[in-house]
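The next block is query_11.cif, given as mmCIF, C-alpha atoms and all ligand atoms.
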```cif
data_coords
#
loop_
_atom_site.label_atom_id
_atom_site.label_comp_id
_atom_site.auth_asym_id
_atom_site.auth_seq_id
_atom_site.Cartn_x
_atom_site.Cartn_y
_atom_site.Cartn_z
CA MET D 1401 34.32 228.37 109.64
CA LYS D 1402 34.60 232.06 108.74
CA ASP D 1403 31.40 233.13 110.54
CA ILE D 1404 32.32 231.51 113.82
CA GLU D 1405 35.91 232.80 113.76
CA GLN D 1406 34.52 236.29 113.39
CA LEU D 1407 32.79 235.97 116.76
CA LEU D 1408 36.03 235.21 118.57
CA GLN D 1409 37.73 238.06 116.75
CA ASN D 1410 34.90 240.42 117.75
CA ASN D 1411 35.21 239.24 121.34
CA LYS D 1412 38.96 240.05 121.52
CA GLN D 1413 38.33 243.54 120.19
CA TRP D 1414 35.43 244.13 122.57
CA SER D 1415 37.42 243.00 125.60
CA GLU D 1416 40.35 245.24 124.64
CA LYS D 1417 38.10 248.23 124.12
CA VAL D 1418 36.39 247.79 127.50
CA ARG D 1419 39.70 247.29 129.34
CA THR D 1420 41.23 250.38 127.76
CA LYS D 1421 38.25 252.54 128.65
CA HIS D 1422 37.51 251.06 132.10
CA PRO D 1423 40.53 249.15 133.49
CA ASP D 1424 38.60 248.12 136.63
CA PHE D 1425 35.51 246.82 134.76
CA PHE D 1426 36.37 243.10 134.61
CA PRO D 1427 38.20 242.82 137.98
CA LYS D 1428 35.17 244.39 139.68
CA LEU D 1429 32.62 242.19 137.87
CA ALA D 1430 34.66 239.04 138.41
CA LYS D 1431 34.22 239.43 142.17
CA GLN D 1432 30.42 239.44 142.11
CA GLN D 1433 27.27 240.23 140.16
CA SER D 1434 24.53 242.29 141.78
CA PRO D 1435 21.83 242.83 139.16
CA LYS D 1436 18.57 244.46 140.27
CA PHE D 1437 16.57 243.05 137.37
CA LEU D 1438 15.49 239.66 136.10
CA TRP D 1439 14.46 239.56 132.45
CA ILE D 1440 12.16 236.83 131.17
CA GLY D 1441 12.07 237.30 127.42
CA CYS D 1442 11.71 235.54 124.09
CA SER D 1443 14.69 233.71 122.54
CA ASP D 1444 14.16 235.76 119.37
CA SER D 1445 17.56 237.10 118.21
CA ARG D 1446 16.05 240.56 117.64
CA VAL D 1447 15.25 241.09 121.32
CA PRO D 1448 18.54 241.17 123.29
CA ALA D 1449 17.78 242.23 126.88
CA ASN D 1450 20.98 244.19 127.64
CA GLN D 1451 21.12 246.13 124.40
CA ILE D 1452 17.52 247.31 124.29
CA THR D 1453 17.57 248.44 127.94
CA GLY D 1454 21.03 250.01 127.74
CA LEU D 1455 22.44 247.80 130.49
CA LEU D 1456 26.00 246.55 130.89
CA PRO D 1457 27.15 243.04 131.81
CA GLY D 1458 26.37 242.52 135.49
CA GLU D 1459 23.21 244.62 135.49
CA ILE D 1460 20.46 242.24 134.37
CA PHE D 1461 19.90 238.52 135.01
CA VAL D 1462 18.39 236.90 131.94
CA HIS D 1463 16.17 233.93 131.14
CA ARG D 1464 14.86 233.47 127.62
CA ASN D 1465 12.68 230.85 126.00
CA ILE D 1466 10.35 230.70 123.02
CA ALA D 1467 7.53 233.23 123.54
CA ASN D 1468 8.65 234.24 127.08
CA LEU D 1469 6.58 231.68 128.95
CA VAL D 1470 6.38 231.13 132.70
CA ILE D 1471 5.36 227.51 133.23
CA ASN D 1472 5.18 226.31 136.81
CA THR D 1473 6.68 222.90 135.94
CA ASP D 1474 9.66 224.35 134.04
CA ILE D 1475 12.57 223.45 136.31
CA ASN D 1476 14.91 225.67 134.31
CA LEU D 1477 12.80 228.79 134.83
CA LEU D 1478 12.05 227.92 138.47
CA SER D 1479 15.77 227.53 139.23
CA VAL D 1480 16.51 230.91 137.66
CA LEU D 1481 13.66 232.42 139.66
CA GLN D 1482 14.81 230.94 142.96
CA PHE D 1483 18.42 232.01 142.45
CA ALA D 1484 17.39 235.51 141.35
CA ILE D 1485 15.13 236.06 144.35
CA GLU D 1486 16.86 234.22 147.16
CA VAL D 1487 20.51 234.79 146.31
CA LEU D 1488 20.70 237.87 144.09
CA LYS D 1489 17.76 239.62 145.82
CA ILE D 1490 16.45 240.91 142.49
CA GLN D 1491 13.94 243.75 142.89
CA HIS D 1492 12.21 243.76 139.52
CA ILE D 1493 11.12 240.89 137.30
CA ILE D 1494 10.26 241.90 133.76
CA VAL D 1495 8.31 239.64 131.42
CA CYS D 1496 8.98 241.11 127.99
CA GLY D 1497 7.16 239.82 124.92
CA HIS D 1498 7.51 241.30 121.46
CA TYR D 1499 5.26 242.08 118.53
CA GLY D 1500 6.00 239.87 115.54
CA CYS D 1501 6.72 236.88 117.81
CA GLY D 1502 6.97 233.67 115.78
CA GLY D 1503 5.94 231.61 118.80
CA VAL D 1504 2.71 233.55 119.23
CA ALA D 1505 1.99 233.39 115.49
CA ASN D 1506 2.55 229.64 115.40
CA ALA D 1507 0.28 229.15 118.39
CA LEU D 1508 -2.52 230.98 116.58
CA GLN D 1509 -1.94 229.53 113.12
CA ARG D 1510 -1.13 225.99 114.24
CA ASN D 1511 1.60 225.40 111.69
CA THR D 1512 4.16 223.69 113.88
CA THR D 1513 4.50 220.09 114.93
CA GLY D 1514 6.63 218.24 117.41
CA ILE D 1515 7.90 219.29 120.82
CA ILE D 1516 7.49 223.01 120.10
CA ASP D 1517 3.79 222.45 119.54
CA PHE D 1518 3.51 221.10 123.05
CA TRP D 1519 5.28 224.21 124.41
CA LEU D 1520 3.03 226.57 122.40
CA ASN D 1521 -0.13 224.92 123.74
CA ASN D 1522 0.31 227.24 126.72
CA ILE D 1523 -0.38 230.21 124.45
CA ARG D 1524 -3.39 228.44 122.91
CA ASP D 1525 -4.83 228.11 126.44
CA THR D 1526 -4.51 231.89 126.84
CA TYR D 1527 -6.22 232.41 123.47
CA ARG D 1528 -9.14 230.14 124.48
CA LYS D 1529 -9.48 231.98 127.80
CA HIS D 1530 -9.96 235.28 125.93
CA ALA D 1531 -11.58 233.90 122.76
CA THR D 1532 -14.46 236.41 122.83
CA ALA D 1533 -11.99 239.33 122.52
CA PHE D 1534 -10.90 238.02 119.09
CA THR D 1535 -13.66 239.09 116.71
CA GLU D 1536 -14.11 237.84 113.14
CA GLU D 1537 -13.46 241.23 111.58
CA MET D 1538 -10.13 241.78 113.37
CA PRO D 1539 -7.19 241.90 110.95
CA GLU D 1540 -4.61 239.15 111.54
CA ILE D 1541 -1.96 241.61 112.76
CA GLU D 1542 -4.32 242.92 115.45
CA ARG D 1543 -5.14 239.38 116.56
CA LEU D 1544 -1.44 238.60 116.88
CA ASN D 1545 -0.69 241.82 118.75
CA LEU D 1546 -3.58 241.22 121.15
CA LEU D 1547 -2.47 237.65 121.82
CA THR D 1548 1.10 238.86 122.36
CA GLU D 1549 -0.09 241.27 125.05
CA LEU D 1550 -2.48 238.76 126.65
CA ASN D 1551 0.35 236.23 126.71
CA VAL D 1552 2.60 238.63 128.65
CA LYS D 1553 -0.23 239.38 131.10
CA GLN D 1554 -0.79 235.66 131.63
CA GLN D 1555 2.90 235.09 132.36
CA VAL D 1556 2.94 237.91 134.95
CA GLU D 1557 -0.13 236.25 136.49
CA ASN D 1558 1.67 232.88 136.48
CA LEU D 1559 4.66 234.48 138.21
CA SER D 1560 2.47 235.98 140.93
CA ASN D 1561 1.12 232.48 141.63
CA CYS D 1562 4.60 230.94 142.02
CA SER D 1563 5.36 229.97 145.61
CA ILE D 1564 8.91 231.33 145.29
CA ILE D 1565 7.41 234.78 144.68
CA SER D 1566 4.53 234.63 147.12
CA ASP D 1567 6.95 233.46 149.83
CA ALA D 1568 9.26 236.40 149.10
CA TRP D 1569 6.28 238.77 149.35
CA LYS D 1570 5.18 237.17 152.62
CA GLN D 1571 8.66 237.82 154.00
CA GLY D 1572 8.36 241.47 153.01
CA GLN D 1573 10.96 241.35 150.22
CA ALA D 1574 10.61 244.28 147.80
CA LEU D 1575 9.79 242.59 144.51
CA TYR D 1576 7.90 244.03 141.55
CA LEU D 1577 6.55 242.17 138.53
CA HIS D 1578 6.28 244.03 135.23
CA GLY D 1579 4.73 243.21 131.83
CA TRP D 1580 6.28 244.79 128.75
CA VAL D 1581 6.07 244.33 124.98
CA TYR D 1582 8.91 245.31 122.64
CA SER D 1583 8.35 246.49 119.09
CA ILE D 1584 10.82 245.12 116.56
CA GLN D 1585 9.56 247.85 114.17
CA ASP D 1586 10.93 250.81 116.12
CA GLY D 1587 12.81 249.37 119.10
CA ILE D 1588 10.40 250.87 121.64
CA ILE D 1589 9.19 249.00 124.73
CA LYS D 1590 5.54 249.42 125.73
CA ASP D 1591 4.79 249.10 129.44
CA LEU D 1592 1.47 247.22 129.74
CA GLU D 1593 1.04 248.89 133.15
CA ILE D 1594 0.19 245.72 135.01
CA THR D 1595 2.97 246.08 137.58
CA ARG D 1596 2.36 243.98 140.66
CA GLN D 1597 3.88 243.94 144.10
CA GLY D 1598 3.15 241.89 147.18
CA GLU D 1599 0.45 242.88 149.64
CA PRO D 1600 2.05 244.97 152.39
CA SER D 1601 2.32 242.71 155.44
CA ALA D 1602 -0.21 243.55 158.15
CO CO D 1701 9.27 235.69 120.05
#
```

Output the structure of this file as structure tokens.
Amino acid sequence: MKDIEQLLQNNKQWSEKVRTKHPDFFPKLAKQQSPKFLWIGCSDSRVPANQITGLLPGEIFVHRNIANLVINTDINLLSVLQFAIEVLKIQHIIVCGHYGCGGVANALQRNTTGIIDFWLNNIRDTYRKHATAFTEEMPEIERLNLLTELNVKQQVENLSNCSIISDAWKQGQALYLHGWVYSIQDGIIKDLEITRQGEPSA
């Protein structure tokens, strides 16, 4: 039980530290959250959204799943998306993948079975779509990095095809979609520069 008790101990210390430094921090946050950003990232424990973007509680709305996928039948993701756009009026949605992603590696190497295999089939579809870009002489690491980036691009594309987002754009809501990849080697985020926004209404 030692490990789990440590978490609660850490929490008490953290709360005390925050309250000493900023007495109005919790009372203010308790009233409402108004984050400008929605993060769709991988569940990987090495890629915590708040820490790597330097944001405090209340500043970023977060959804994470294995390999940061946007599937248009995923009721969990769609609910997050609807709430973020319609209620929180989020302005930026960031899909952030990461190099060294186990989900991407498993999709390429086919060494998983069970329900996760079904989930990772979405990445295999992306691989097949771009199969000609993966040449025989490419080292494995390059293949994985390329698929990681293509996967993020595909998820941004999937987002732009979601009716929740196209409806928001039609109504003139300011909403930007971004594709990023985080490096677990040096902690740096690479912007894939595929930012999308709705067509300005005529
Ligand atoms: Co991952």

Test item: residues no farther than 7 Å from ligand CO 1701 (chain D), counting all atoms listed in the file, as an MDAnalysis selection string | chainID D and resid 1442:1444 1466:1467 1497:1498 1500:1504

Can you pull out every residue within 9 Å of D:Thr1526, counting all atoms listed in the file, but drop anything in the same chain fewer than 3 positions away, and send it as an MDAnalysis selection string?
-> chainID D and resid 1521:1523 1529:1531 1547 1550:1551 1554

Name the residues in contact with stretch 1434-1439 of chain D at a cut-off of 6 Å, using only C-alpha atoms, excluding same-chain residues fewer than 6 positions from it; report them as a VMD selection string.
-> chain D and resid 1458 to 1462 1490 to 1494

Keeping only C-alpha atoms, take the residues you just selected and write them out as a JSON list (two decimals), in the frame of the given file.
```json
[["chain", "number", "residue", "atom", "x", "y", "z"],
["D", 1458, "GLY", "CA", 26.37, 242.52, 135.49],
["D", 1459, "GLU", "CA", 23.21, 244.62, 135.49],
["D", 1460, "ILE", "CA", 20.46, 242.24, 134.37],
["D", 1461, "PHE", "CA", 19.90, 238.52, 135.01],
["D", 1462, "VAL", "CA", 18.39, 236.90, 131.94],
["D", 1490, "ILE", "CA", 16.45, 240.91, 142.49],
["D", 1491, "GLN", "CA", 13.94, 243.75, 142.89],
["D", 1492, "HIS", "CA", 12.21, 243.76, 139.52],
["D", 1493, "ILE", "CA", 11.12, 240.89, 137.30],
["D", 1494, "ILE", "CA", 10.26, 241.90, 133.76]]
```

For each of D:Phe1426, D:Leu1455, D:Gln1406, D:Trp1519, take the minimum atom-to-atom distance to D:Thr1473, counting all atoms listed in the file, then give the residue where this is smallest.
->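 Of D:Phe1426, D:Leu1455, D:Gln1406, D:Trp1519, the one nearest D:Thr1473 is D:Trp1519, counting all atoms listed in the file.
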
Protein, DNA and RNA residues within 12 Å of (18.7, 248.8, 120.2), all atoms listed in the file, as an MDAnalysis selection string | chainID D and resid 1445:1455 1582:1589

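One distance worth recording is that between atom CA of D:Leu1546 and atom CA of D:Leu1520, which is 16.1 Å.
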
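For the choices D:Ala1533, D:Asp1474, D:Arg1543, D:Glu1486, the atom-to-atom distance to D:Leu1508 is smallest for D:Arg1543 when using all atoms listed in the file.
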
In Å and to one decimal, atom CA of D:Val1495 is distant from atom CA of D:Ala1507 by 18.6 Å

Could you please determine the separation between atom CA of D:Thr1532 and atom CA of D:Glu1593 in Å, to one decimal place?
->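 If I compute the distance from atom CA of D:Thr1532 to atom CA of D:Glu1593, I get 22.4 Å.
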
Give as a VMD selection string each residue that has an atom at most 7 Å from (2.3, 238.7, 146.4) in the file, counting only C-alpha atoms.
-> chain D and resid 1560 1565 to 1566 1569 1597 to 1599

In terms of the shortest atom-to-atom distance over all atoms listed in the file, which of D:Lys1431, D:Leu1407, D:Leu1469, D:Gly1579 is closest to D:Asp1591?
->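 Closest to D:Asp1591 of all the choices is D:Gly1579.
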
What are the centre and the three edge lengths of an axis-aligned box that wraps all atoms of stretch 1562-1572 of chain D in the file, given that 4 Å is added to every side, written as lines of an AutoDock Vina configuration file and rounded to one decimal in Å?
```
center_x = 6.9
center_y = 235.7
center_z = 148.0
size_x = 12.7
size_y = 19.5
size_z = 20.0
```

Check the smallest atom-to-atom distance from each of D:Gln1555, D:Gln1571, D:Thr1535, D:Thr1595 to D:Asn1468 using only C-alpha atoms, then report the winner.
->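 Ranked by minimum distance to D:Asn1468, first place goes to D:Gln1555.
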
Residue nearest D:Val1581 among D:Ile1594, D:Met1538, D:Val1470, D:Met1401 (counting only C-alpha atoms) =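 Between D:Ile1594, D:Met1538, D:Val1470, D:Met1401, the residue approaching D:Val1581 most closely is D:Ile1594.
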